[in-house]
Every structure is written in C-alpha cells, then in structure tokens.
Amino acid sequence: DFKSLAHRFPDKHMEPFLFTYPERLVKEVHFEHEGEEFVFIISGRVRFFIGSEEIILEPGDSVYLDASLPHRGESMTREAKALVVIYSPTDPI
C-alpha cells in the first residue's frame, strides 16, 4: 500500500511515497530496479532484507541502498509505515 507524494511533478528522477508494509506476505516478493532507494521508518518495526542481509528497522531508522540488489520489507508489528524515495538516474519516473 503506497501513496505518492509527488505524482503531479513531470519528468522527475525521484519518486517519494508513503509505504505501509504488510504484516504477512502471501508469497516472498523481492524488488530489484535501477537506481537508489532511501527508506525512513515512521512507525512500527520492519524486517528489511537486502540481498542475504537482514536488518531490523524501528521508527527513526533509515537505510539507503543500491536498488538493483534484491530487497523487501515486512512489518513486525500490526502496522509499519515508511517514507520511501526511489531515485532513477537515467529515465524519468
């Protein structure tokens, strides 16, 4: 579940959005895409995976990653929200 924060800005290279992490995943899903990604936890606890590394993130924690690496997160609490910014260096988002 996500809410775009800059959907009206044309030809952008960054995509900021609010993301709600699911508590349970039906199947294991990883994301891989060009660019870089910044995640800042607003509420809840998130188990975040980058490649084979697992990180526990709490409110106020952040992670900055090469988005071409397989990554995903899942809530460890009833609800977990984050500010996520994806940067694409070549193609506008």
# chains A, B, ... in the order shown; residues from 1 in each chain; ligands from 1

call {"tool": "residues_around", "arguments": {"residues": "Ser75 of chain A", "least_positions_apart": "3", "cutoff": "6 Å", "atoms": "only C-alpha atoms", "output": "list in words"}}
result
Tyr21, Pro22, Glu23, Arg45, Val46 and Ala80 of chain A

call {"tool": "residues_around", "arguments": {"residues": "Gly35 of chain A", "least_positions_apart": "4", "cutoff": "10 Å", "atoms": "only C-alpha atoms", "output": "VMD selection string"}}
result
chain A and resid 13 to 14 65 to 69 86 to 91

call {"tool": "closest_residue", "arguments": {"among": "A:His30, A:Phe17, A:Leu83, A:Leu5", "to": "Gly60 of chain A", "atoms": "only C-alpha atoms"}}
result
A:Leu83

call {"tool": "atom_distance", "arguments": {"atom1": "atom CA of Glu54 of chain A", "atom2": "atom CA of Lys3 of chain A"}}
result
25.4 Å

call {"tool": "closest_residue", "arguments": {"among": "A:Val63, A:Pro70, A:Asp11, A:Pro16", "to": "Val39 of chain A", "atoms": "only C-alpha atoms"}}
result
A:Val63

call {"tool": "closest_residue", "arguments": {"among": "A:Asp61, A:Asp1, A:Glu32, A:Glu74", "to": "Arg47 of chain A", "atoms": "only C-alpha atoms"}}
result
A:Glu74

call {"tool": "closest_residue", "arguments": {"among": "A:Glu28, A:Ile41, A:Val84, A:Glu53", "to": "Phe2 of chain A", "atoms": "only C-alpha atoms"}}
result
A:Val84

call {"tool": "atom_distance", "arguments": {"atom1": "atom CA of Ser4 of chain A", "atom2": "atom CA of Leu57 of chain A"}}
result
21.9 Å

call {"tool": "atom_distance", "arguments": {"atom1": "atom CA of Arg78 of chain A", "atom2": "atom CA of Ile42 of chain A"}}
result
13.6 Å

call {"tool": "closest_residue", "arguments": {"among": "A:Val29, A:Ile50, A:Ala6, A:Leu18", "to": "Tyr64 of chain A", "atoms": "only C-alpha atoms"}}
result
A:Ile50

call {"tool": "decode", "arguments": {"residues": "segment 49-67 of chain A", "atoms": "N, CA, C and O atoms", "output": "PDB file, in the first residue's frame"}}
result
ATOM      1  N   PHE A  49      15.165  -6.787   4.159  1.00  0.00           N
ATOM      2  CA  PHE A  49      16.160  -7.673   3.550  1.00  0.00           C
ATOM      3  C   PHE A  49      16.797  -6.973   2.353  1.00  0.00           C
ATOM      4  O   PHE A  49      16.104  -6.425   1.503  1.00  0.00           O
ATOM      5  N   ILE A  50      18.120  -6.993   2.306  1.00  0.00           N
ATOM      6  CA  ILE A  50      18.885  -6.510   1.152  1.00  0.00           C
ATOM      7  C   ILE A  50      19.821  -7.649   0.779  1.00  0.00           C
ATOM      8  O   ILE A  50      20.742  -7.970   1.533  1.00  0.00           O
ATOM      9  N   GLY A  51      19.564  -8.277  -0.375  1.00  0.00           N
ATOM     10  CA  GLY A  51      20.330  -9.473  -0.716  1.00  0.00           C
ATOM     11  C   GLY A  51      20.106 -10.509   0.366  1.00  0.00           C
ATOM     12  O   GLY A  51      18.973 -10.812   0.727  1.00  0.00           O
ATOM     13  N   SER A  52      21.178 -11.035   0.967  1.00  0.00           N
ATOM     14  CA  SER A  52      21.052 -12.029   2.036  1.00  0.00           C
ATOM     15  C   SER A  52      21.122 -11.392   3.426  1.00  0.00           C
ATOM     16  O   SER A  52      21.025 -12.086   4.427  1.00  0.00           O
ATOM     17  N   GLU A  53      21.265 -10.074   3.498  1.00  0.00           N
ATOM     18  CA  GLU A  53      21.355  -9.370   4.780  1.00  0.00           C
ATOM     19  C   GLU A  53      19.963  -9.033   5.319  1.00  0.00           C
ATOM     20  O   GLU A  53      19.085  -8.610   4.580  1.00  0.00           O
ATOM     21  N   GLU A  54      19.776  -9.227   6.620  1.00  0.00           N
ATOM     22  CA  GLU A  54      18.515  -8.890   7.288  1.00  0.00           C
ATOM     23  C   GLU A  54      18.783  -7.803   8.318  1.00  0.00           C
ATOM     24  O   GLU A  54      19.720  -7.893   9.104  1.00  0.00           O
ATOM     25  N   ILE A  55      17.945  -6.755   8.297  1.00  0.00           N
ATOM     26  CA  ILE A  55      18.104  -5.619   9.200  1.00  0.00           C
ATOM     27  C   ILE A  55      16.751  -5.367   9.864  1.00  0.00           C
ATOM     28  O   ILE A  55      15.714  -5.394   9.193  1.00  0.00           O
ATOM     29  N   ILE A  56      16.760  -5.097  11.163  1.00  0.00           N
ATOM     30  CA  ILE A  56      15.542  -4.707  11.865  1.00  0.00           C
ATOM     31  C   ILE A  56      15.558  -3.187  11.983  1.00  0.00           C
ATOM     32  O   ILE A  56      16.501  -2.600  12.505  1.00  0.00           O
ATOM     33  N   LEU A  57      14.489  -2.550  11.465  1.00  0.00           N
ATOM     34  CA  LEU A  57      14.393  -1.094  11.479  1.00  0.00           C
ATOM     35  C   LEU A  57      13.241  -0.665  12.376  1.00  0.00           C
ATOM     36  O   LEU A  57      12.164  -1.257  12.339  1.00  0.00           O
ATOM     37  N   GLU A  58      13.476   0.384  13.167  1.00  0.00           N
ATOM     38  CA  GLU A  58      12.474   0.933  14.073  1.00  0.00           C
ATOM     39  C   GLU A  58      12.255   2.402  13.726  1.00  0.00           C
ATOM     40  O   GLU A  58      13.022   2.977  12.941  1.00  0.00           O
ATOM     41  N   PRO A  59      11.224   3.042  14.293  1.00  0.00           N
ATOM     42  CA  PRO A  59      10.977   4.443  13.974  1.00  0.00           C
ATOM     43  C   PRO A  59      12.235   5.306  14.124  1.00  0.00           C
ATOM     44  O   PRO A  59      12.951   5.198  15.121  1.00  0.00           O
ATOM     45  N   GLY A  60      12.499   6.095  13.098  1.00  0.00           N
ATOM     46  CA  GLY A  60      13.688   6.942  13.084  1.00  0.00           C
ATOM     47  C   GLY A  60      14.881   6.309  12.384  1.00  0.00           C
ATOM     48  O   GLY A  60      15.834   6.997  12.044  1.00  0.00           O
ATOM     49  N   ASP A  61      14.848   5.000  12.155  1.00  0.00           N
ATOM     50  CA  ASP A  61      15.922   4.318  11.436  1.00  0.00           C
ATOM     51  C   ASP A  61      15.735   4.512   9.937  1.00  0.00           C
ATOM     52  O   ASP A  61      14.620   4.710   9.448  1.00  0.00           O
ATOM     53  N   SER A  62      16.844   4.433   9.211  1.00  0.00           N
ATOM     54  CA  SER A  62      16.771   4.531   7.759  1.00  0.00           C
ATOM     55  C   SER A  62      17.791   3.614   7.125  1.00  0.00           C
ATOM     56  O   SER A  62      18.734   3.159   7.771  1.00  0.00           O
ATOM     57  N   VAL A  63      17.581   3.362   5.848  1.00  0.00           N
ATOM     58  CA  VAL A  63      18.517   2.569   5.059  1.00  0.00           C
ATOM     59  C   VAL A  63      18.568   3.190   3.664  1.00  0.00           C
ATOM     60  O   VAL A  63      17.564   3.676   3.145  1.00  0.00           O
ATOM     61  N   TYR A  64      19.765   3.215   3.090  1.00  0.00           N
ATOM     62  CA  TYR A  64      19.993   3.745   1.745  1.00  0.00           C
ATOM     63  C   TYR A  64      20.659   2.619   0.970  1.00  0.00           C
ATOM     64  O   TYR A  64      21.658   2.069   1.429  1.00  0.00           O
ATOM     65  N   LEU A  65      20.100   2.247  -0.179  1.00  0.00           N
ATOM     66  CA  LEU A  65      20.617   1.055  -0.849  1.00  0.00           C
ATOM     67  C   LEU A  65      20.669   1.192  -2.357  1.00  0.00           C
ATOM     68  O   LEU A  65      19.976   2.022  -2.953  1.00  0.00           O
ATOM     69  N   ASP A  66      21.499   0.365  -2.945  1.00  0.00           N
ATOM     70  CA  ASP A  66      21.556   0.185  -4.393  1.00  0.00           C
ATOM     71  C   ASP A  66      20.324  -0.639  -4.745  1.00  0.00           C
ATOM     72  O   ASP A  66      20.215  -1.804  -4.377  1.00  0.00           O
ATOM     73  N   ALA A  67      19.367  -0.035  -5.432  1.00  0.00           N
ATOM     74  CA  ALA A  67      18.085  -0.678  -5.690  1.00  0.00           C
ATOM     75  C   ALA A  67      18.173  -1.852  -6.665  1.00  0.00           C
ATOM     76  O   ALA A  67      17.197  -2.584  -6.832  1.00  0.00           O
TER      77      ALA A  67
END
